[in-house]
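Enquirer: Data file model.pdb (PDB, C-alpha atoms) is appended below.
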```
ATOM      1  CA  MET A   1       8.471   3.546   2.209
ATOM      2  CA  PRO A   2       8.974   3.403  -1.399
ATOM      3  CA  ASP A   3       9.239   6.651  -3.199
ATOM      4  CA  ARG A   4       6.205   6.476  -5.559
ATOM      5  CA  GLY A   5       6.961   9.872  -7.053
ATOM      6  CA  HIS A   6      10.361   8.728  -8.355
ATOM      7  CA  ARG A   7       8.836   5.684 -10.090
ATOM      8  CA  ARG A   8       6.238   7.880 -11.784
ATOM      9  CA  ARG A   9       9.003  10.102 -13.169
ATOM     10  CA  ARG A  10      10.947   7.170 -14.641
ATOM     11  CA  ARG A  11       7.809   5.800 -16.288
ATOM     12  CA  GLY A  12       7.109   9.194 -17.838
ATOM     13  CA  ARG A  13      10.622   9.349 -19.381
ATOM     14  CA  SER A  14      10.227   5.869 -20.815
ATOM     15  CA  ARG A  15       6.978   6.811 -22.543
ATOM     16  CA  ARG A  16       8.573   9.900 -24.081
ATOM     17  CA  SER A  17      11.498   7.878 -25.350
ATOM     18  CA  ARG A  18       9.187   5.405 -27.113
ATOM     19  CA  PHE A  19       7.259   8.273 -28.748
ATOM     20  CA  VAL A  20      10.437   9.835 -30.078
ATOM     21  CA  MET A  21      11.647   6.529 -31.521
ATOM     22  CA  THR A  22       8.336   5.874 -33.200
ATOM     23  CA  THR A  23       8.373   9.292 -34.790
ATOM     24  CA  LEU A  24      11.924   8.831 -36.091
ATOM     25  CA  VAL A  25      11.149   5.419 -37.554
ATOM     26  CA  THR A  26       8.074   6.797 -39.295
ATOM     27  CA  ALA A  27      10.089   9.653 -40.807
ATOM     28  CA  VAL A  28      12.755   7.270 -42.039
ATOM     29  CA  VAL A  29      10.142   5.049 -43.719
ATOM     30  CA  ILE A  30       8.502   8.027 -45.437
ATOM     31  CA  CYS A  31      11.857   9.284 -46.732
ATOM     32  CA  ALA A  32      12.816   5.850 -48.001
ATOM     33  CA  ALA A  33       9.513   5.505 -49.793
ATOM     34  CA  ALA A  34       9.990   8.888 -51.441
ATOM     35  CA  ILE A  35      13.508   7.977 -52.601
ATOM     36  CA  LEU A  36      12.356   4.659 -54.002
ATOM     37  CA  THR A  37       9.481   6.356 -55.815
ATOM     38  CA  GLN A  38      11.860   8.811 -57.493
ATOM     39  CA  TRP A  39      14.270   5.962 -58.339
ATOM     40  CA  TRP A  40      11.913   3.436 -59.895
ATOM     41  CA  LEU A  41       9.002   5.418 -61.362
ATOM     42  CA  PRO A  42       9.083   7.528 -64.630
ATOM     43  CA  THR A  43       8.946  11.226 -64.324
ATOM     44  CA  ALA A  44       5.377  12.457 -64.300
ATOM     45  CA  GLY A  45       4.261  14.383 -67.390
ATOM     46  CA  SER A  46       7.043  13.025 -69.669
ATOM     47  CA  ALA A  47       5.948  12.666 -73.307
ATOM     48  CA  LYS A  48       8.352   9.805 -73.943
ATOM     49  CA  GLN A  49       8.423   6.358 -72.442
ATOM     50  CA  THR A  50      11.441   5.671 -70.150
ATOM     51  CA  VAL A  51      12.889   2.441 -68.852
ATOM     52  CA  ALA A  52      15.012   2.372 -65.651
ATOM     53  CA  VAL A  53      17.977  -0.041 -65.832
ATOM     54  CA  LYS A  54      19.265  -1.079 -62.440
ATOM     55  CA  ASN A  55      22.842  -2.429 -62.135
ATOM     56  CA  SER A  56      26.001  -1.806 -60.221
ATOM     57  CA  GLN A  57      26.592   1.443 -62.086
ATOM     58  CA  PRO A  58      24.585   4.556 -61.475
ATOM     59  CA  ALA A  59      21.161   4.311 -62.974
ATOM     60  CA  GLN A  60      20.952   5.232 -66.703
ATOM     61  CA  ILE A  61      17.753   6.212 -68.424
ATOM     62  CA  TYR A  62      17.308   4.954 -72.072
ATOM     63  CA  GLU A  63      14.756   6.862 -73.966
ATOM     64  CA  VAL A  64      12.461   4.674 -76.098
ATOM     65  CA  PRO A  65      10.850   6.787 -78.806
ATOM     66  CA  PRO A  66       7.109   6.386 -78.977
ATOM     67  CA  LYS A  67       5.867   3.878 -81.577
ATOM     68  CA  PRO A  68       4.774   5.828 -84.622
ATOM     69  CA  PRO A  69       1.138   5.403 -85.474
ATOM     70  CA  PRO A  70       0.585   2.980 -88.370
ATOM     71  CA  THR A  71       0.373   4.605 -91.757
ATOM     72  CA  PRO A  72      -3.085   3.877 -93.104
ATOM     73  CA  THR A  73      -3.063   1.950 -96.366
ATOM     74  CA  PRO A  74      -5.104   3.963 -98.806
ATOM     75  CA  LYS A  75      -8.056   2.068-100.210
ATOM     76  CA  PRO A  76      -7.853   1.818-103.962
ATOM     77  CA  LYS A  77     -10.436   3.960-105.619
ATOM     78  CA  PRO A  78     -12.891   1.837-107.512
ATOM     79  CA  LYS A  79     -12.425   2.173-111.235
ATOM     80  CA  PRO A  80     -15.458   3.767-112.775
ATOM     81  CA  LYS A  81     -17.423   1.410-114.957
ATOM     82  CA  PRO A  82     -16.837   2.289-118.557
ATOM     83  CA  LYS A  83     -19.939   3.629-120.180
ATOM     84  CA  PRO A  84     -21.152   1.234-122.829
ATOM     85  CA  THR A  85     -20.509   2.520-126.299
ATOM     86  CA  PRO A  86     -23.892   2.975-127.895
ATOM     87  CA  THR A  87     -24.398   0.749-130.907
ATOM     88  CA  PRO A  88     -24.787   3.003-133.864
ATOM     89  CA  LYS A  89     -27.935   2.636-135.837
ATOM     90  CA  PRO A  90     -27.294   0.962-139.162
ATOM     91  CA  THR A  91     -26.832   3.545-141.858
ATOM     92  CA  HIS A  92     -25.745   3.037-145.383
ATOM     93  CA  THR A  93     -22.588   4.697-146.610
ATOM     94  CA  GLN A  94     -22.800   7.410-149.187
ATOM     95  CA  ALA A  95     -23.442   5.570-152.406
ATOM     96  CA  ALA A  96     -20.735   7.361-154.383
ATOM     97  CA  ALA A  97     -18.033   6.123-151.990
ATOM     98  CA  ARG A  98     -19.418   2.648-151.416
ATOM     99  CA  MET A  99     -18.180  -0.353-153.333
ATOM    100  CA  PRO A 100     -20.510  -3.240-154.111
ATOM    101  CA  ASP A 101     -20.528  -6.260-151.799
ATOM    102  CA  GLY A 102     -19.202  -9.533-153.120
ATOM    103  CA  PRO A 103     -18.125  -9.027-156.754
ATOM    104  CA  PRO A 104     -14.618  -9.736-158.005
ATOM    105  CA  PRO A 105     -12.133  -6.888-157.736
ATOM    106  CA  GLY A 106     -12.274  -4.240-160.401
ATOM    107  CA  ASP A 107     -13.052  -0.641-161.189
ATOM    108  CA  TRP A 108     -16.676   0.356-160.822
ATOM    109  CA  THR A 109     -18.601   3.524-161.549
ATOM    110  CA  LEU A 110     -21.966   4.168-159.944
ATOM    111  CA  ALA A 111     -24.441   4.402-162.837
ATOM    112  CA  PHE A 112     -27.750   4.392-160.912
ATOM    113  CA  ASP A 113     -28.670   4.937-157.296
ATOM    114  CA  ASP A 114     -31.807   5.494-155.265
ATOM    115  CA  GLU A 115     -31.457   5.543-151.475
ATOM    116  CA  PHE A 116     -35.192   6.164-150.943
ATOM    117  CA  ASN A 117     -34.452   8.881-148.394
ATOM    118  CA  GLY A 118     -37.195  11.228-149.557
ATOM    119  CA  THR A 119     -40.839  11.576-148.656
ATOM    120  CA  SER A 120     -42.185  10.486-152.040
ATOM    121  CA  LEU A 121     -41.048   8.327-154.926
ATOM    122  CA  ASP A 122     -38.691   9.968-157.436
ATOM    123  CA  THR A 123     -40.806   9.739-160.589
ATOM    124  CA  ALA A 124     -37.865  10.904-162.703
ATOM    125  CA  LYS A 125     -36.365   7.469-162.004
ATOM    126  CA  TRP A 126     -39.401   5.246-161.488
ATOM    127  CA  SER A 127     -42.860   4.483-162.808
ATOM    128  CA  THR A 128     -45.538   2.879-160.630
ATOM    129  CA  GLY A 129     -47.201   0.804-163.358
ATOM    130  CA  TRP A 130     -46.158  -2.051-165.571
ATOM    131  CA  GLY A 131     -44.840  -1.151-169.028
ATOM    132  CA  GLY A 132     -44.020   2.398-167.970
ATOM    133  CA  GLY A 133     -47.686   3.186-167.505
ATOM    134  CA  SER A 134     -49.362   5.121-164.717
ATOM    135  CA  GLY A 135     -52.507   4.517-162.751
ATOM    136  CA  ILE A 136     -53.745   0.988-162.021
ATOM    137  CA  THR A 137     -52.145  -1.452-164.490
ATOM    138  CA  PRO A 138     -52.501  -5.211-165.131
ATOM    139  CA  PRO A 139     -50.022  -7.709-163.653
ATOM    140  CA  VAL A 140     -46.919  -9.004-165.425
ATOM    141  CA  ASN A 141     -47.955 -12.643-165.145
ATOM    142  CA  SER A 142     -51.415 -13.919-166.023
ATOM    143  CA  SER A 143     -51.287 -16.232-162.991
ATOM    144  CA  GLU A 144     -51.263 -13.262-160.618
ATOM    145  CA  ASP A 145     -54.458 -12.306-158.798
ATOM    146  CA  ASP A 146     -53.595  -8.630-158.322
ATOM    147  CA  CYS A 147     -53.497  -5.253-160.006
ATOM    148  CA  TYR A 148     -50.583  -2.818-159.642
ATOM    149  CA  ASP A 149     -51.903   0.173-157.784
ATOM    150  CA  PRO A 150     -49.789   3.346-157.194
ATOM    151  CA  ALA A 151     -51.544   3.710-153.829
ATOM    152  CA  GLN A 152     -49.532   0.697-152.595
ATOM    153  CA  VAL A 153     -46.210   2.458-153.257
ATOM    154  CA  ALA A 154     -44.801   4.794-150.587
ATOM    155  CA  GLU A 155     -41.467   6.290-149.622
ATOM    156  CA  GLY A 156     -40.549   7.536-146.147
ATOM    157  CA  GLY A 157     -38.358   6.806-143.152
ATOM    158  CA  GLY A 158     -35.410   6.019-145.431
ATOM    159  CA  ALA A 159     -37.082   3.152-147.296
ATOM    160  CA  LEU A 160     -39.414   2.284-150.136
ATOM    161  CA  SER A 161     -42.570   0.393-149.127
ATOM    162  CA  LEU A 162     -44.402  -1.920-151.508
ATOM    163  CA  ALA A 163     -47.661  -3.097-149.940
ATOM    164  CA  LEU A 164     -50.020  -5.938-150.761
ATOM    165  CA  ILE A 165     -53.594  -5.633-149.543
ATOM    166  CA  ARG A 166     -56.876  -7.401-150.147
ATOM    167  CA  LYS A 167     -58.894  -5.150-152.426
ATOM    168  CA  SER A 168     -61.118  -5.921-155.399
ATOM    169  CA  GLU A 169     -59.799  -4.071-158.429
ATOM    170  CA  SER A 170     -60.214  -4.186-162.194
ATOM    171  CA  CYS A 171     -57.198  -3.796-164.483
ATOM    172  CA  GLY A 172     -58.141  -5.942-167.453
ATOM    173  CA  ILE A 173     -58.706  -8.720-164.954
ATOM    174  CA  SER A 174     -60.873  -8.867-161.868
ATOM    175  CA  ALA A 175     -58.346  -9.110-159.036
ATOM    176  CA  GLN A 176     -58.742  -9.744-155.317
ATOM    177  CA  TYR A 177     -55.549  -7.905-154.343
ATOM    178  CA  ALA A 178     -53.825  -4.564-154.917
ATOM    179  CA  ALA A 179     -50.019  -4.754-155.189
ATOM    180  CA  GLY A 180     -47.116  -2.314-155.359
ATOM    181  CA  LEU A 181     -44.621  -2.218-158.266
ATOM    182  CA  ILE A 182     -42.052   0.258-159.596
ATOM    183  CA  SER A 183     -39.781   0.048-162.653
ATOM    184  CA  THR A 184     -37.217   2.146-164.533
ATOM    185  CA  ASP A 185     -38.618   1.149-167.925
ATOM    186  CA  GLY A 186     -37.909   3.999-170.360
ATOM    187  CA  LYS A 187     -36.065   5.994-167.644
ATOM    188  CA  PHE A 188     -32.972   3.893-166.953
ATOM    189  CA  ASN A 189     -31.916   1.032-169.206
ATOM    190  CA  PHE A 190     -28.455  -0.502-169.104
ATOM    191  CA  THR A 191     -26.326  -3.339-170.455
ATOM    192  CA  TYR A 192     -24.073  -5.187-168.031
ATOM    193  CA  GLY A 193     -23.270  -4.100-164.510
ATOM    194  CA  PHE A 194     -23.471  -5.008-160.852
ATOM    195  CA  ILE A 195     -27.014  -4.630-159.488
ATOM    196  CA  GLN A 196     -27.602  -4.618-155.739
ATOM    197  CA  ALA A 197     -30.607  -3.977-153.482
ATOM    198  CA  ARG A 198     -30.987  -4.040-149.720
ATOM    199  CA  VAL A 199     -34.391  -5.516-148.901
ATOM    200  CA  TRP A 200     -36.634  -6.496-145.978
ATOM    201  CA  LEU A 201     -38.882  -9.479-146.762
ATOM    202  CA  PRO A 202     -41.842 -10.431-144.540
ATOM    203  CA  GLY A 203     -42.163 -14.019-143.306
ATOM    204  CA  ALA A 204     -45.078 -16.321-144.049
ATOM    205  CA  PRO A 205     -47.891 -16.804-141.504
ATOM    206  CA  GLY A 206     -47.027 -19.571-139.055
ATOM    207  CA  ASN A 207     -43.575 -20.003-140.609
ATOM    208  CA  PRO A 208     -41.540 -16.792-140.349
ATOM    209  CA  ASP A 209     -38.502 -18.345-142.072
ATOM    210  CA  TYR A 210     -40.499 -18.680-145.294
ATOM    211  CA  VAL A 211     -41.120 -15.701-147.546
ATOM    212  CA  ALA A 212     -44.689 -14.452-147.712
ATOM    213  CA  ASN A 213     -46.286 -13.632-151.060
ATOM    214  CA  TRP A 214     -44.268 -13.024-154.255
ATOM    215  CA  PRO A 215     -41.520 -10.401-153.815
ATOM    216  CA  GLY A 216     -39.237  -9.593-156.724
ATOM    217  CA  VAL A 217     -35.938  -7.800-157.364
ATOM    218  CA  TRP A 218     -35.270  -8.297-161.074
ATOM    219  CA  THR A 219     -34.470  -6.884-164.505
ATOM    220  CA  ASP A 220     -36.229  -7.327-167.842
ATOM    221  CA  GLY A 221     -35.625  -6.536-171.494
ATOM    222  CA  GLN A 222     -38.035  -4.904-173.935
ATOM    223  CA  ASN A 223     -38.802  -8.129-175.824
ATOM    224  CA  TRP A 224     -39.436 -11.050-173.494
ATOM    225  CA  PRO A 225     -38.199 -13.788-173.502
ATOM    226  CA  GLU A 226     -35.691 -13.111-176.318
ATOM    227  CA  ASP A 227     -34.055 -10.232-174.436
ATOM    228  CA  GLY A 228     -33.972 -12.236-171.225
ATOM    229  CA  GLU A 229     -34.927 -11.751-167.583
ATOM    230  CA  ILE A 230     -32.591 -11.692-164.577
ATOM    231  CA  ASP A 231     -34.358 -12.672-161.359
ATOM    232  CA  ILE A 232     -31.969 -11.514-158.639
ATOM    233  CA  ALA A 233     -34.241 -12.335-155.690
ATOM    234  CA  GLU A 234     -37.649 -13.888-156.280
ATOM    235  CA  GLY A 235     -39.968 -15.446-153.711
ATOM    236  CA  ILE A 236     -40.983 -18.919-154.876
ATOM    237  CA  ASN A 237     -42.960 -21.218-152.566
ATOM    238  CA  GLY A 238     -41.479 -19.579-149.482
ATOM    239  CA  HIS A 239     -37.857 -19.553-150.742
ATOM    240  CA  VAL A 240     -35.713 -16.765-152.182
ATOM    241  CA  CYS A 241     -34.323 -17.781-155.582
ATOM    242  CA  ALA A 242     -32.068 -16.508-158.382
ATOM    243  CA  HIS A 243     -32.774 -17.475-162.010
ATOM    244  CA  PHE A 244     -32.122 -16.386-165.574
ATOM    245  CA  HIS A 245     -34.813 -16.716-168.257
ATOM    246  CA  ASP A 246     -34.236 -16.635-171.993
ATOM    247  CA  ALA A 247     -36.046 -17.947-175.069
ATOM    248  CA  ALA A 248     -34.726 -21.464-174.486
ATOM    249  CA  HIS A 249     -35.634 -21.449-170.778
ATOM    250  CA  SER A 250     -38.605 -19.115-170.663
ATOM    251  CA  SER A 251     -40.703 -21.182-168.255
ATOM    252  CA  GLN A 252     -38.507 -22.559-165.469
ATOM    253  CA  GLY A 253     -35.379 -20.546-166.107
ATOM    254  CA  LEU A 254     -31.804 -21.499-165.205
ATOM    255  CA  GLY A 255     -31.018 -21.619-161.487
ATOM    256  CA  ALA A 256     -27.845 -20.042-160.149
ATOM    257  CA  GLY A 257     -25.064 -22.605-159.987
ATOM    258  CA  ASP A 258     -26.908 -25.047-162.293
ATOM    259  CA  GLY A 259     -29.195 -25.948-159.399
ATOM    260  CA  THR A 260     -32.516 -24.787-158.030
ATOM    261  CA  GLY A 261     -31.125 -21.291-157.552
ATOM    262  CA  CYS A 262     -32.664 -21.205-154.084
ATOM    263  CA  PRO A 263     -29.938 -21.166-151.378
ATOM    264  CA  SER A 264     -30.652 -22.610-147.942
ATOM    265  CA  GLY A 265     -30.506 -19.356-146.000
ATOM    266  CA  ILE A 266     -33.100 -17.415-144.041
ATOM    267  CA  TYR A 267     -33.805 -14.091-145.687
ATOM    268  CA  THR A 268     -36.905 -12.912-143.832
ATOM    269  CA  GLY A 269     -37.390 -10.617-140.856
ATOM    270  CA  GLY A 270     -34.246  -8.555-141.438
ATOM    271  CA  TRP A 271     -32.285  -6.512-143.947
ATOM    272  CA  HIS A 272     -30.464  -8.525-146.608
ATOM    273  CA  THR A 273     -28.573  -7.609-149.758
ATOM    274  CA  PHE A 274     -29.311  -9.315-153.067
ATOM    275  CA  ALA A 275     -27.036  -8.725-156.049
ATOM    276  CA  ALA A 276     -26.114  -9.924-159.532
ATOM    277  CA  ASN A 277     -22.950  -9.259-161.482
ATOM    278  CA  TRP A 278     -24.012  -9.277-165.132
ATOM    279  CA  GLU A 279     -20.979  -9.626-167.390
ATOM    280  CA  PRO A 280     -20.647 -10.813-171.013
ATOM    281  CA  GLY A 281     -21.456 -14.534-171.004
ATOM    282  CA  ILE A 282     -21.945 -14.881-167.229
ATOM    283  CA  ILE A 283     -24.245 -13.728-164.412
ATOM    284  CA  THR A 284     -23.051 -14.325-160.843
ATOM    285  CA  TYR A 285     -25.447 -13.932-157.924
ATOM    286  CA  TYR A 286     -24.592 -12.761-154.397
ATOM    287  CA  TYR A 287     -26.770 -12.989-151.283
ATOM    288  CA  ASP A 288     -25.439 -10.951-148.368
ATOM    289  CA  GLY A 289     -22.128 -10.739-150.220
ATOM    290  CA  VAL A 290     -21.825 -14.522-150.635
ATOM    291  CA  ASP A 291     -21.507 -16.035-154.106
ATOM    292  CA  ILE A 292     -24.464 -18.428-154.489
ATOM    293  CA  GLY A 293     -23.704 -19.474-158.062
ATOM    294  CA  SER A 294     -23.605 -18.370-161.690
ATOM    295  CA  VAL A 295     -25.422 -18.827-165.004
ATOM    296  CA  THR A 296     -23.370 -19.077-168.217
ATOM    297  CA  SER A 297     -25.899 -20.260-170.794
ATOM    298  CA  GLY A 298     -27.688 -17.831-173.129
ATOM    299  CA  VAL A 299     -26.701 -14.733-171.134
ATOM    300  CA  THR A 300     -28.299 -11.723-172.797
ATOM    301  CA  SER A 301     -26.583  -8.584-174.027
ATOM    302  CA  ALA A 302     -29.827  -6.664-174.568
ATOM    303  CA  PRO A 303     -30.519  -3.511-172.491
ATOM    304  CA  MET A 304     -32.506  -4.118-169.299
ATOM    305  CA  PHE A 305     -34.490  -2.065-166.797
ATOM    306  CA  LEU A 306     -35.023  -2.533-163.025
ATOM    307  CA  ILE A 307     -38.225  -3.828-161.390
ATOM    308  CA  LEU A 308     -39.211  -4.055-157.717
ATOM    309  CA  ASP A 309     -42.606  -5.579-156.876
ATOM    310  CA  TYR A 310     -44.596  -7.383-154.189
ATOM    311  CA  ASP A 311     -47.350  -9.587-155.622
ATOM    312  CA  ALA A 312     -49.871 -12.145-154.416
ATOM    313  CA  GLN A 313     -48.782 -15.787-154.370
ATOM    314  CA  THR A 314     -49.147 -18.726-151.982
ATOM    315  CA  PRO A 315     -48.563 -18.450-149.096
ATOM    316  CA  VAL A 316     -50.572 -15.215-149.233
ATOM    317  CA  GLN A 317     -50.430 -12.921-146.232
ATOM    318  CA  VAL A 318     -52.237  -9.606-146.330
ATOM    319  CA  PRO A 319     -51.848  -6.881-145.494
ATOM    320  CA  ASP A 320     -48.064  -7.022-145.659
ATOM    321  CA  THR A 321     -45.196  -4.882-146.922
ATOM    322  CA  MET A 322     -41.845  -5.434-148.581
ATOM    323  CA  LYS A 323     -39.293  -2.694-147.890
ATOM    324  CA  VAL A 324     -36.272  -1.590-149.930
ATOM    325  CA  ASP A 325     -33.446   0.450-148.409
ATOM    326  CA  TYR A 326     -31.621   1.193-151.649
ATOM    327  CA  VAL A 327     -31.030   0.060-155.238
ATOM    328  CA  ARG A 328     -27.661   0.651-156.934
ATOM    329  CA  VAL A 329     -26.137  -0.239-160.268
ATOM    330  CA  TRP A 330     -22.400  -0.057-160.907
ATOM    331  CA  GLN A 331     -20.734  -0.454-164.266
ATOM    332  CA  HIS A 332     -17.169  -0.749-165.440
ATOM    333  CA  PRO A 333     -15.925   2.584-166.762
TER     334      PRO A 333
END
```
Can you give me the file's structure in the form of structure tokens?
Expert:
Amino acid sequence: MPDRGHRRRRRGRSRRSRFVMTTLVTAVVICAAAILTQWWLPTAGSAKQTVAVKNSQPAQIYEVPPKPPPTPTPKPKPKPKPKPTPTPKPTHTQAAARMPDGPPPGDWTLAFDDEFNGTSLDTAKWSTGWGGGSGITPPVNSSEDDCYDPAQVAEGGGALSLALIRKSESCGISAQYAAGLISTDGKFNFTYGFIQARVWLPGAPGNPDYVANWPGVWTDGQNWPEDGEIDIAEGINGHVCAHFHDAAHSSQGLGAGDGTGCPSGIYTGGWHTFAANWEPGIITYYYDGVDIGSVTSGVTSAPMFLILDYDAQTPVQVPDTMKVDYVRVWQHP
């Protein structure tokens, strides 16, 4: 009879042997995996990157320094916008240091000056009536339809104002208008010199390039026309003109440059300088510093006085005002 107990014992040993082998194999695999992990993988927690190089020699570890972070390029600071330089308001230079505009070179001495910077007209220099009179006086020219009224003369804001208004007045004539005039007659008379005025002339209605009314910057002698008349800037039919009158040319006068005397510029709606250089035998006129021509015939040597006025003449526009920034007269020492 077969011995069943012996066969059971052999089978039990075989099962134990297989268990032991399986355990050993498992341990070997775990150890190998641990070794490979240590061999191929970087050390945990290292701050530097490492690269394992595998060859026939023992493994060497080359340290690769970490890539430095890129240096940020600083953005250029925007340049601040320069503050615009404020345009200075036009002011006239002190008269004593200022040289006249436009005349030929030479030595000049300031003989007369009014900058009109006060609050009222300087009556030591000026009269408000024709012929040195005061109060309401008759016009210079019989063709005028106005009386000279001191109420139309004012000074303030750095300028002289000569107004023309519609107003019925009696001054030896029955006039429809009241006009402003000042003169240095009997207060400042001179022979030869450079006369200059800075003036604002109103434009005509509907045509602002044409001069309204009858403005005048001029000089006159005591005995007209023998002593002469220098019209530096006179409004004639909408133009600004320069003429010289004497006994031989009392009516029309001689135009600057042997022409009409009326240059083709626009002299309204802004400040402009009008000047005349009165020398023995010649008068040369300057508008805004530009020579517009001369007169050489019959030039007077008689003493003259200054006149500024704003009268009624076609095209008439009232009320309106002519302004004068300054009047200066230089003479050779």
Enquirer: Given the choices A:Ala175, A:Val329, A:Leu308, A:Ile266, which gets closest to Ile195 (chain A) if the distance is worked out from all atoms listed in the file?
Expert: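 Checking each of A:Ala175, A:Val329, A:Leu308, A:Ile266 against Ile195 (chain A), counting all atoms listed in the file, the winner is A:Val329.
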Enquirer: Given the file shown, enumerate the residues that the PyMOL selection byres ((chain A and resi 131-140) around 7) captures and present them as an mmCIF file with C-alpha atoms, in the frame of the given file.
Expert:
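Written file, result_24.cif:
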```cif
data_model
loop_
_atom_site.group_PDB
_atom_site.id
_atom_site.type_symbol
_atom_site.label_atom_id
_atom_site.label_comp_id
_atom_site.auth_asym_id
_atom_site.auth_seq_id
_atom_site.Cartn_x
_atom_site.Cartn_y
_atom_site.Cartn_z
ATOM 1 C CA SER A 127 -42.860 4.483 -162.808
ATOM 2 C CA THR A 128 -45.538 2.879 -160.630
ATOM 3 C CA GLY A 129 -47.201 0.804 -163.358
ATOM 4 C CA TRP A 130 -46.158 -2.051 -165.571
ATOM 5 C CA ASN A 141 -47.955 -12.643 -165.145
ATOM 6 C CA SER A 142 -51.415 -13.919 -166.023
ATOM 7 C CA GLU A 144 -51.263 -13.262 -160.618
ATOM 8 C CA ASP A 146 -53.595 -8.630 -158.322
ATOM 9 C CA CYS A 147 -53.497 -5.253 -160.006
ATOM 10 C CA TYR A 148 -50.583 -2.818 -159.642
ATOM 11 C CA ASP A 149 -51.903 0.173 -157.784
ATOM 12 C CA PRO A 150 -49.789 3.346 -157.194
ATOM 13 C CA CYS A 171 -57.198 -3.796 -164.483
ATOM 14 C CA GLY A 172 -58.141 -5.942 -167.453
ATOM 15 C CA ASP A 185 -38.618 1.149 -167.925
ATOM 16 C CA GLY A 186 -37.909 3.999 -170.360
#
```
Enquirer: Would you kindly return, as a tab-separated table (two decimals) with C-alpha atoms, keeping the file's coordinate frame, each protein, DNA or RNA residue with an atom no farther than 9 Å from any atom of Thr109 (chain A), considering all atoms listed in the file and excluding same-chain residues fewer than 5 positions away?
Expert:
```tsv
chain	number	residue	atom	x	y	z
A	96	ALA	CA	-20.74	7.36	-154.38
A	329	VAL	CA	-26.14	-0.24	-160.27
A	330	TRP	CA	-22.40	-0.06	-160.91
A	331	GLN	CA	-20.73	-0.45	-164.27
A	332	HIS	CA	-17.17	-0.75	-165.44
A	333	PRO	CA	-15.92	2.58	-166.76
```
Enquirer: Can you tell me how far CA of Ser294 (chain A) sits from CA of Met322 (chain A), in Å to one decimal?
Expert: 25.9 Å
Enquirer: Determine the residue membership of the PyMOL selection byres ((chain A and resi 297) around 8) for the file above and supply it as a compact mmCIF listing (two decimals) with C-alpha atoms, in the coordinates of the input.
Expert:
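Everything below was put into expr29.txt:
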```txt
# COMPACT_ATOMS: atom_id res chain seq x y z
CA GLY A 281 -21.46 -14.53 -171.00
CA ILE A 282 -21.94 -14.88 -167.23
CA VAL A 295 -25.42 -18.83 -165.00
CA THR A 296 -23.37 -19.08 -168.22
CA GLY A 298 -27.69 -17.83 -173.13
CA VAL A 299 -26.70 -14.73 -171.13
```
Enquirer: Would you mind telling me which residue in A:Trp126, A:Gln222, A:Asn213, A:Pro202 lies nearest to Asp145 (chain A) when using only C-alpha atoms?
Expert: A:Asn213
Enquirer: Quick one: pull the distance between CA of Cys241 (chain A) and CA of Gly269 (chain A), Å, one decimal.
Expert: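 The value is 16.7 Å.
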Enquirer: Smallest atom-to-atom distance to Leu201 (chain A): which of A:Asp114, A:Asp227, A:Asp288, A:Glu234, using only C-alpha atoms?
Expert: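 Smallest separation from Leu201 (chain A) among the options: A:Glu234.
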Enquirer: Counting all atoms listed in the file, which residues come within 9 Å of (-23.7, -6.7, -167.4), with the point read in the file's coordinates, and could you list them as a VMD selection string?
Expert: chain A and resid 190 to 195 276 to 283 300 to 301 331
Enquirer: So the first atom is CA of Lys187 (chain A) and the second is CA of Ala111 (chain A); what is the distance between them in Å, to one decimal place?
Expert: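 Between CA of Lys187 (chain A) and CA of Ala111 (chain A) the gap is 12.7 Å.
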Enquirer: Residues near Thr273 (chain A), anyone? I mean within 7 Å using only C-alpha atoms, not counting same-chain ones fewer than 6 positions away, as a list in words.
Expert: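 Residues near the query, excluding close chain neighbours: Gln196, Ala197, Arg198, Val199, Tyr287 and Asp288 of chain A.
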Enquirer: With all atoms listed in the file as the atoms that count, which of A:Ala179, A:Val217, A:Val153, A:Ile292 lies nearest to Ala233 (chain A)?
Expert: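 Ranked by minimum distance to Ala233 (chain A), first place goes to A:Val217.
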Enquirer: Assuming the chain letters and numbering stay as they are in my file, what does the PyMOL selection byres ((chain A and resi 252) around 12) actually select? List them as a PyMOL selection string.
Expert: chain A and resi 225+229+231+236+241-251+253-255+259-261
Enquirer: Nearest residue to Gly157 (chain A) out of A:Ser174, A:Thr123, A:Ser143, A:Asn117, using only C-alpha atoms?
Expert: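 Between A:Ser174, A:Thr123, A:Ser143, A:Asn117, the residue approaching Gly157 (chain A) most closely is A:Asn117.
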Enquirer: I'd like to know which of A:Gln152, A:Ser170, A:Thr184, A:Thr321 is closest to Lys125 (chain A), using only C-alpha atoms.
Expert: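 The answer is A:Thr184, which sits nearest to Lys125 (chain A).
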